[in-house]
Amino acid sequence: MDEEFTEGVTLEDGFVPFPQIEVIVEDLPLESKHKLISRLWREEGARVNTVDDLPSQQDKTRFHELCEACRAGDLEQVDNMVSFGVDVNAIDEFDYTPLILASLCGHEEVVKYLLEHGAVCDRDTFQGERCLYGALTDNIRSLLLKFDISKAVDAIQPFAAHIASLLTKIEPSSSDVIFSSTTKPTSTISTGAAPAEPRQFHLHRFILAARSTYFRENLAGRWCSKKLVKLSSSMDPRAFDIVVKYLYSIDIAIGSMELNERTSQVARKLDLPDLISTLENLKAEESFRRKREHRQDDMRRAQADFERFVQEDVISRRTEVSKDEFLADKERFCAVPVGSTADILLSVEDEDEDMIVLYPTHRAMLIRSEYYMTMFTSSFAEGAYSVSNFEDQDDGTKVLPTVALSASKAVAEIILTYIYTDRVDIPGAIALDVLYCADLLLIDKLKSLASIALTSSTVEDDDAISDPTVGKHATPLYANIYDILRAGWATRMDRLERFAAKYFADNLAHFVVQDDFADIVLESAQRIRSRDETDTIELIDDIRFYLAQKYGILFEDDMDSVTGKVQEGPWRKITNYERQYNAELDLIDGLLERLDLEA
Amino acid sequence: MMSSGKSRVKMRPPRNRDAGDVNFDDSWAVLSTAMQEMYRKNASRLSYEELYRTAYTLVLKKHAERLYNSYKTFVAQHLREIVSTELAPLASNTTNSLLTSTVGGGGVTSTIAVPLAAADKREGGIRFLKAVKAQWDDHCLCMRMISDILMYMDRVYCKELQLPLIYDAGLALFRDHVIRNNEFQVGEHIYAIILDQIQLERDGDIVDTSAIKATVLMLESLTEDKIDGETVYSRSFEPKFLRSSVDFYTTETDKLSRECDSSQYLIKTEKRLQEEFERAMSYLSVTSEPKITKIVEENLITKNIVSVIKSDASGLTFMISNDRFDDLKRLYRLCKRVDPEKTDLRSALVARIIQQGGEINQDAIEVLKHPDKSKGVTVQNAATIAAFKWVEEVLGLKEKYDRILNDTMDGDNQIQTSLANAFSSFINQINRCSEFLSLFIDDNLKKGLKGKTEDEAEAVLDHAITLFRYITDKDMFETYYKTHLAKRLLGGRSISDDVERMMITKLKMEVGFSFTTKLEGMFKDMKVSNDIMQEYRAHVQNTDPERTIDMAVSVLTSTNWPVSLSTIESHTCVYPPEIERIKRSFEKFYVDRHSGRVLTWNPNMGNADIRVAFRKRKHELNVSTYAMVILMLFNDLADGESLTFEEIKAATSIPDNELIRNLQSLAVVPKTRILIKQPMSKDINAVDRFSFNLGFESQYIRIKIPTVAYINKTETETERKGTMDKVDELRRYQTDAAIVRIMKARKSLEHNILVAEVTGQLSSHFRPDAALIKKRIDAMLEREYIERSAENRQLYHYLA
């Protein structure tokens with residue numbers, strides 16, 4: 001920059017040059033506006049994510065999708081994106097948050113949804129003010145003003161609640177290590193607080209290992225065969241209690257100054273810097289919103305810990321063996337090192353590769369699936385698996401029981417990842433398999449994620465199958481559309497049914513002549529058991545709905561009540577689109593006639 | 001997020017899920033074998049994963065319906081086997097009922113009635129219940145396990161088609177194939193056994209309630225399909241229970257009413273109620289409790305309570321007379337249960353009170369009519385004695401019933417009202433009640449409260465006020481009270497001014513100002529008179545220090561004081577000159593002070609002290625004013641001279657009746673014969689002669705000669721009529737005033753409403769009857785205070 005200015009000025013004759021003044025201009029780094037804003041606000045303590053802050057490309061793409069959906073008012077798509085865990089409060093390159101977009105464009109439902117899922121409209125901030133100022137309708141404005149943030153659903157809450165519940169869960173009991181603290185006859189606690197009593201903490205090795213490197217090392221090392229670990233007498237059990245709560249993602253409350261100090265010391269020893277900063281934050285009086293943000297940060301960190309854990313200690317520690325070998329010497333393969341935190345093996349039979357893959361897992365997490373929960377609390381054989389059954393072998397290993405799962409390796413790993421972290425990216429190609437498996441295991445949220453993956457429009461081209469029979473304008477799919485619809489029926493996912501209907505509607509001319517299409521229409525008709533003559537076929541109804549959407553037929557008044565077609569009348573002319581719409585309807589009617597159905 | 005970046009998943013076509021159908025029978029065989037094992041308590045050997053997957057596959061391949069039905073058939077079959085192998089044999093030990101059983105080796109079935117001893121019956125019954133319960137528990141356990149393995153079907157199939165879940169279907173199967181099993185009537189047995197046990201317990205035995213309770217819980221868990229909220233318990237068992245209870249209690253009621261007296265009956269009733277309550281709460285269903293309680297109440301209480309109350313020997317009357325408070329309490333409690341209004345009890349109480357009150361009234365009237373000389377009752381004091389007796393008896397009665405009300409009936413408001421009404425009715429039945437009450441108070445204020453502390457005095461007066469409340473004709477009372485008060489004040493008979501005032505205050509609190517203004521006026525008059533007398537005495541000191549006769553005058557405002565005192569007749573009197581002189585002096589003195597006022601002398605209220613010289617000695621006599629005037633006549637007579645009645649009358653102008661009375665007191669009353677009468681007869685005739693009795697002797701120096709008139713005897717008939725007339729006149733005025741007041745406020749009013757309002761307004765004084773009001777309205781119409789509306793004959797308008 002300097003160079004330009006210190007260049008010599010060419011003088012024309014007759015002009016007296018200005019006196020040369022040396023100007024030293026400081027070399028300021030060029031920063032994008034966003035980085036500047038972020039930096040400023042971070043210094044202030046507020047937290048703002050810009051698009052650039054988002055961790056992965058996929059997140060960025062998803063965020064853009066989210067913004068688009070907010071502009072368009074597409075609630076379904078918004079729901080999809082938010083389910084992936086995109087940050088609803090990030091801002092894009094034009095300084096818009098999703099909430100602003102929805103608010104500006106007047107989509108009340110979307111605004112409501114965003115608010116309920118943690119979008120913030122804080123009058124003290126630039127974004128918040130914009131939101132309110134630009135609200136398209138009074139309804140939206142009052143929504144924004146009146147929304148009570150404490151009602152917002154915290155998507156991660158169920159997961160955190162599950163972890164927290166493990167501390168007190170009795171059935172099935174999964175605690176595998178006990179930490180006991182001892183009392184001191186002379187208490188080091190200064191002011192009138194009561195002396196600590198001996199306490200026992202029933203904890204889980206794997207959680208401790210996941211969340212703290214200190215525990216991880218020691219549990220694998222000197223504590224590896226211990227059932228009971230004594231805490232040193234200098235450890236204040238109440239401080240330890242707080243640390244345990246933190247590790248188990250329970251909300252911790254402010255204690256006395258002294259207690260906080262002590263806890264910080266413990267945290268330091270256990271190498272938990274995040275806990276220390278959390279304790280710092282607790283001291284300050286914070287608004288509800290700020291507290292919420294911090295808590296969410298804490299939980300995200302816990303989530304990250306578990307992500308790492310599941311990758312390193314579960315998936316990476318798998319044993320792959322051929323089926324025959326496995327059957328020959330089961331015990332050998334079902335043995336794990338004594339220091340392992342696992343208490344059960346998930347045995348996955350991959351039919352295609354003819355392999356058995358064994359993953360060392362933890363019942364405490366598997367019970368997030370209702371199927372496994374019932375299994376472990378039932379009176380059947382699997383219910384008898386309890387920790388104390390495992391004898392340590394002489395060679396420093398222990399034999400674990402197995403539960404079988406019929407799925408491919410990839411699917412199994414996705415399921416495990418979801419179970420341990422509550423979120424997962426599902427490649428579209430195996431989404432269908434994941435869907436069926438999740439249905440068997442009765443994990444509803446995973447079914448939703450799989451459905452979204454299956455039907456999301458950001459298809460990475462190479463992975464997609466294109467149905468060769470679909471015209472080149474149709475969007476490529478991850479699976480055969482008929483399979484998708486049937487899966488939707490089998491697993492009761494409305495999302496898939498609607499997606500299929502829309503897809504058919506978009507390419508109706510192409511499909512209506514196919515035999516497979518006729519078959520599936522028949523199937524849909526049969527799904528409603530007792531049909532009267534004039535009953536409807538669900539699939540046809542949905543297709544008609546999406547057709548109307550496609551051609552922009554908005555007003556029911558224009559439609560003839562019997563045929564559903566747009567009427568032509570002396571008072572209005574029929575448009576081209578409407579003509580096309582009518583034509584498509586005719587196609588459907590033709591098919592129904594051929595099949596001898598009424599609808 | 002998968003941190004493995006873009007690890008490519010191997011592309012392959014998706015799993016073809018439709019690959020081949022699964023064989024239903026094979027899969028079902030796996031499941032049904034497993035279910036058998038579960039029933040045999042071998043579940044721990046089964047693999048959950050395998051069974052779940054089998055069921056899952058079936059559902060996925062759209063065999064859910066078949067699976068569901070197979071399940072139901074399987075369970076039904078199993079249950080039927082259980083009934084015939086496990087339960088039916090036990091059933092034969094339970095009741096006397098007929099059961100099918102095979103006889104001998106020929107396989108001939110015949111029906112045998114097997115009578116059993118009671119104890120065996122009981123034991124067998126309990127055993128049966130326990131066996132059923134055991135089967136039930138097993139069944140529930142198995143259902144839960146089956147529900148676990150068929151969990152997928154529950155979620156998908158049952159929810160979609162809104163069929164009962166596996167577990168619920170299992171319960172329904174138990175209900176249909178065990179309890180309602182056509183062949184073996186298990187349910188009927190159960191009900192019979194339970195009813196049996198209940199009957200045993202009602203007869204006083206102890207039974208094993210835990211088995212029954214467990215069975216009841218089971219019955220309550222079995223809901224009925226189509227009917228909301230009903231269970232096997234409520235539909236099949238409870239009606240039987242209630243019916244048998246009705247039978248039992250009908251007989252029980254008869255039995256008890258025959259065998260027990262009222263007190264016993266009540267005790268036993270309570271006991272039964274308690275027993276049934278506990279039974280329902282402890283081992284039957286809580287929902288049955290109100291129903292069974294109702295049955296017991298209806299039978300034992302509602303049907304019989306009237307006869308229990310009315311029983312002569314031990315009923316309500318007996319209980320009250322003998323202070324049976326516990327019994328009364330119990331009676332009240334039981335009545336309250338069935339009838340929140342407690343009408344029977346109340347009417348019985350009211351009847352009894354009126355009866356007793358009537359007796360009290362009768363007694364009082366007896367005393368009046370036939371005074372019993374042997375008891376010291378004379379015609380004169382008969383009234384006072386009757387009054388006292390009556391008041392005290394009524395108060396006593398009230399106290400008793402108050403105690404009953406508070407101790408046994410919880411101060412119940414409705415009963416309180418009934419009692420008050422009863423009292424009010426019999427008190428007002430005797431038309432002398434106002435008079436009696438006034439006499440009572442009068443006597444107390446004159447003598448009775450002497451020596452009592454302030455609190456005690458207040459207590460007595462409070463009692464009087466209590467009675468006062470009940471009297472409806474309060475203005476009658478007012479009249480009497482005024483008269484009595486006047487006499488007390490003028491005669492100086494009241495023991496304490498404070499007590500008098502206390503009484504007035506209490507009356508004021510009861511009925512308001514208007515009542516007591518006149519009374520207070522009387523007091524004021526007395527005080528003012530005192531002040532005037534002091535001034536007069538000072539005045540006399542100054543003007544006429546030589547005067548020998550000391551006179552005290554009470555000046556009364558005529559409106560305040562009772563009418564009867566100021567009739568013109570009593571005014572005439574010719575005074576001796578000395579007296580006349582003083583009289584005039586006072587008149588002048590007074591009129592100087594208060595011009596525009598007119599004084600009228602009332603000689604019939606006054607008294608005089610005379611110093612009289614007899615032969616033996618001098619006495620000081622206290623006599624009425626009239627008597628003094630009479631005696632003064634004899635001053636001028638020489639010894640031995642006499643005067644006739646006529647002469648005395650002419651000289652003094654005293655009205656006849658007064659003259660007679662005074663002469664009687666002077667000449668006839670034995671102890672105080674100041675005059676000698678010829679002839680010596682009791683009554684006074686015109687020709688009788690009177691002479692001064694020089695020879696009069698008495699121990700006392702100072703003698704009081706009372707006039708017969710000072711004792712408040714009850715009024716003669718004429719007098720009473722006179723009072724009544726005055727009262728009536730007053731009432732007329734009050735009614736008129738009330739009508740005008742109301743019309744002025746409301747401007748126009750319907751006839752009925754007007755009557756109601758007038759009655760309301762006057763209620764604190766007396767109870768006007770409709771005829772009186774109608775008459776007064778007519779009078780008002782005549783005098784054009786109000787007019788009839790032209791359109792509506794019933795409507796009146798106020799005329800300004």
# chains A, B, ... in the order shown; residues from 1 in each chain; ligands from 1
>>> interface_residues(of="chain B", to="chain A", cutoff="6 Å", atoms="only C-alpha atoms", output="list of chain:residue names")
B:Met1, B:Ala43, B:Ser44, B:Arg45, B:Leu46, B:Ser47, B:Tyr48
>>> residues_around(residues="Trp223 of chain A", least_positions_apart="4", cutoff="12 Å", atoms="only C-alpha atoms", output="list of chain:residue names")
A:Asp176, A:Val177, A:Ile178, A:Phe179, A:Arg205, A:Ala209, A:Tyr214, A:Phe215, A:Arg216, A:Glu217, A:Asn218, A:Leu219, A:Lys227, A:Leu228, A:Val229, A:Lys230, A:Leu231, A:Val338, A:Gly339, A:Ser340, A:Thr341
>>> residues_around(residues="segment 124-140 of chain A", least_positions_apart="3", cutoff="7 Å", atoms="only C-alpha atoms", output="ChimeraX atom specification")
/A:99-100,103-106,108,121,143-144
>>> residues_around(residues="Leu519 of chain B", least_positions_apart="5", cutoff="9 Å", atoms="only C-alpha atoms", output="compact mmCIF listing (two decimals) with C-alpha atoms, in the first residue's frame")
# COMPACT_ATOMS: atom_id res chain seq x y z
CA TYR B 481 -92.12 -2.72 80.69
CA LYS B 482 -92.80 0.98 80.60
CA LEU B 485 -90.38 0.86 85.02
CA ALA B 486 -92.45 3.93 85.80
CA ILE B 504 -82.02 -0.60 78.51
CA LYS B 524 -83.79 11.66 82.10
CA ASN B 560 -92.46 9.39 77.88
CA TRP B 561 -94.45 7.92 80.65
>>> residues_around(residues="segment 163-174 of chain B", least_positions_apart="3", cutoff="6 Å", atoms="only C-alpha atoms", output="PyMOL selection string")
chain B and resi 143+147+154+158+177-178
>>> write_last_selection(atoms="C-alpha atoms", output="short mmCIF file (atom, residue, chain, number, x, y, z; two decimals), in the first residue's frame")
data_model
loop_
_atom_site.label_atom_id
_atom_site.label_comp_id
_atom_site.auth_asym_id
_atom_site.auth_seq_id
_atom_site.Cartn_x
_atom_site.Cartn_y
_atom_site.Cartn_z
CA MET B 143 -47.70 -61.80 28.46
CA SER B 147 -45.00 -58.53 24.43
CA ASP B 154 -47.05 -53.78 18.64
CA CYS B 158 -51.34 -52.71 16.44
CA HIS B 177 -61.15 -68.04 28.48
CA VAL B 178 -60.59 -68.34 32.16
#
>>> atom_distance(atom1="atom CA of Leu489 of chain B", atom2="atom CA of Glu658 of chain B")
20.8 Å
